[in-house]
Every structure is written in C-alpha cells, then in structure tokens.
Amino acid sequence: MLESAVPFFIGLRLLDIIDIILVALLLYELYNLVKGTAAINILLGIIAIFLAWRLVRILEMELLSEILGAFISVGFIALIVVFQPEIRKFLLMVGTPSFIRRKHNRFLFWKIKYPDEEVLSIDPIIQACHKMANTKTGALIVIAKVNELTEVIESGEIINARISEQLIENIFYKNSPLHDGAMIIMNNKILAASCILPVSKNDTLPSQVGLRHRAAVGITERSDAIALVVSEQTGHISWCKGGNLNINIQPSRLKTLLEEEFNLTVTG
C-alpha cells in the first residue's frame with residue numbers, strides 16, 4: 001500500500017497545490033457571496049448532483065450516468081440563469097478598483113469569519129410580543145440564525161440597534177412608517193425593519209391566516225430563521241419554524257421555545 005501511495009505524492013507538483021488552494025479560495029468566496037440567500041440551497045443541490053454523477057461514473061452505472069450527465073451538460077446555462085443576480089454582483093465587485101485593496105490580506109492568509117456568539121436577548125422580544133398581543137398590534141419579527149437573509153434586509157430600512165422592548169413596540173405602532181413589513185433580528189441586534197418577505201403558497205394553511213402569517217411561513221420555508229407573528233385581529237402570538245405555523249402561543253411557551261431554539265441556559 002505504501003508503494004502505491006508514493007507515486008501519488010511524487011506526482012503532486014507545486015502548481016497542483018496552488019491550483020487546489022485557488023479553487024478552495026474561489027469556493028469560499030462563492031459561498032460568502034450566496035450565503036444568506038435562497039441561492040445557497042440551489043448551489044448545494046447542484047454540488048450534490050455533480051458528486052452523485054461522479055460516483056455513478058466510477059461505479060459504471062451507465063443509464064444513471066447518462067441521465068445525470070445530460071443534466072450536468074446543460075448545468076452551465078442553468079447556472080447563468082439561476083445565479084444571474086449573484087454573477088452580476090460578483091463581476092461588479094471584482095471590477096471595483098478597491099476590491100484588491102480590501103481583499104489583499106486574504107491572499108496572504110485565509111481568514112475565516114466565525115459567527116457572532118453573542119447570546120440572544122429574548123426577554124425584550126417576549127415582553128414586546130405580550131404587550132402588542134394585548135393591544136392587538138400587528139407585528140412580524142424574524143430572528144435569523146445561520147442564513148443571513150441579506151436580500152430581505154436590503155429590502156427594508158437598516159436600523160442596527162440594540163434589542164429593546166420599547167423600540168420593537170414603537171416600530172410596530174400602527175402610525176409608525178415602519179410598521180408594515182417584517183423586523184429582522186440577527187446577532188442580538190435589530191438589523192432592519194419594514195422588510196419584504198416571500199409569501200408562502202402553501203395551500204394547507206388555515207384560510208383565516210393573513211398576509212403576515214403567510215410571509216412568516218414563506219421566510220421559514222426558505223431559510224433556518226424563526227418567525228413570530230402577532231395578529232391584529234385576534235391578538236394571538238404565532239410561532240413559525242421550517243414552514244410550520246403554530247397559532248396562539250402563550251408568552252411562557254414562547255419563552256421556552258426560544259430558549260430551546262437558541263440553546264439558552266439562562267433567561268434573556
């Protein structure tokens with residue numbers, strides 16, 4: 001076995017190592033570009049199909065290999081169509097003169113960003129939802145996790161403020177210019193308000209749910225975010241995760257769900 005492995009290491013040139021590093025950097029930057037959008041799921045699906053195609057070729061499964069090969073052969077055109085916004089954004093970024101100045105340190109050392117580990121302050125969120133439920137003030141709050149929801153955040157007004165019970169209530173006050181749309185919370189901050197969410201087309205949803213609830217289901221179908229809805233008709237608080245909607249959640253139950261979801265061992 002050692003003798004069979006020797007030619008592999010002897011045949012590995014310096015240019016091969018550079019090639020591998022450059023491909024890894026390219027994939028990392030591509031991931032950062034599509035992270036937080038629906039395109040990340042499409043990209044992972046394409047990678048899965050490509051790996052499956054390579055596997056069936058190695059196993060000499062001719063029929064399946066032909067089918068997957070036909071899909072891969074038109075994959076380049078499909079990539080251009082599906083990722084048109086991301087490709088345009090990438091080309092604009094590369095064509096900007098300041099791009100190399102901003103990224104030069106990554107060519108010297110590959111820096112990896114780690115997610116913010118700050119603990120989510122859930123008490124202001126729960127108290128605000130409880131008060132808005134009592135006054136039947138409609139609200140839609142999205143708490144992002146891994147997916148950064150970049151496109152959604154850019155559709156609203158950037159706030160980037162500390163989570164506050166009073167601020168949440170003021171934003172969703174019926175005469176506030178930001179009360180329509182969704183509030184996005186991420187990294188323990190209120191990042192944006194009045195954001196536009198994709199509306200779910202799920203036909204199994206109860207007929208009485210309104211646009212806020214359908215938007216909550218829509219964003220959780222496309223990301224790992226959690227959505228909270230306060231109904232202005234009934235005052236009920238709803239919890240939405242993974243496209244599943246739970247209506248009329250009590251504040252005590254909401255607290256338990258948030259603690260379990262974000263692995264909180266202490267309150268707030």
# chains A, B, ... in the order shown; residues from 1 in each chain; ligands from 1

$ residues_around --residues "Ser223 (chain A)" --least-positions-apart "2" --cutoff "8 Å" --atoms "only C-alpha atoms" --output "compact mmCIF listing (two decimals) with C-alpha atoms, in the first residue's frame"
# COMPACT_ATOMS: atom_id res chain seq x y z
CA ALA A 38 -32.07 31.18 -1.45
CA ASN A 147 -28.78 32.25 6.91
CA LEU A 149 -31.16 36.98 4.88
CA ILE A 219 -39.35 33.05 5.00
CA THR A 220 -39.05 29.96 7.22
CA GLU A 221 -39.59 27.70 4.20
CA ALA A 225 -34.93 31.63 10.58
CA GLY A 242 -39.39 25.34 8.94

$ closest_residue --among "A:Ile122, A:Cys195, A:Leu167, A:Ile237" --to "Leu258 (chain A)" --atoms "only C-alpha atoms"
A:Ile122

$ closest_residue --among "A:Cys240, A:Ala128, A:Met186, A:Val142" --to "Glu165 (chain A)" --atoms "only C-alpha atoms"
A:Ala128

$ closest_residue --among "A:Ile67, A:Leu120, A:Ile226, A:Ile47" --to "Leu264 (chain A)" --atoms "only C-alpha atoms"
A:Leu120

$ residues_around --residues "region 172-184 of chain A" --least-positions-apart "5" --cutoff "7 Å" --atoms "only C-alpha atoms" --output "count of residues only"
15

$ closest_residue --among "A:Arg13, A:Arg214, A:Arg162, A:His130" --to "Pro251 (chain A)" --atoms "only C-alpha atoms"
A:His130

$ residues_around --residues "Val56 (chain A)" --least-positions-apart "5" --cutoff "12 Å" --atoms "only C-alpha atoms" --output "PDB file with C-alpha atoms, in the first residue's frame"
ATOM      1  CA  ILE A  49     -25.920  16.176  -8.212  1.00  0.00           C
ATOM      2  CA  PHE A  50     -22.365  16.620  -9.504  1.00  0.00           C
ATOM      3  CA  LEU A  51     -20.946  14.367  -6.774  1.00  0.00           C
ATOM      4  CA  MET A  61     -23.837   2.639 -13.782  1.00  0.00           C
ATOM      5  CA  GLU A  62     -24.353   3.543 -17.431  1.00  0.00           C
ATOM      6  CA  LEU A  63     -28.045   4.519 -17.506  1.00  0.00           C
ATOM      7  CA  LEU A  64     -27.976   6.703 -14.415  1.00  0.00           C
ATOM      8  CA  SER A  65     -24.665   8.181 -15.517  1.00  0.00           C
ATOM      9  CA  GLU A  66     -26.192   9.196 -18.869  1.00  0.00           C
ATOM     10  CA  ILE A  67     -29.183  10.845 -17.172  1.00  0.00           C
ATOM     11  CA  LEU A  68     -27.085  12.817 -14.683  1.00  0.00           C
ATOM     12  CA  GLY A  69     -24.528  13.598 -17.407  1.00  0.00           C
TER      13      GLY A  69
END

$ closest_residue --among "A:Ala52, A:Leu228, A:Ile185, A:Val146" --to "Ala161 (chain A)" --atoms "only C-alpha atoms"
A:Ile185
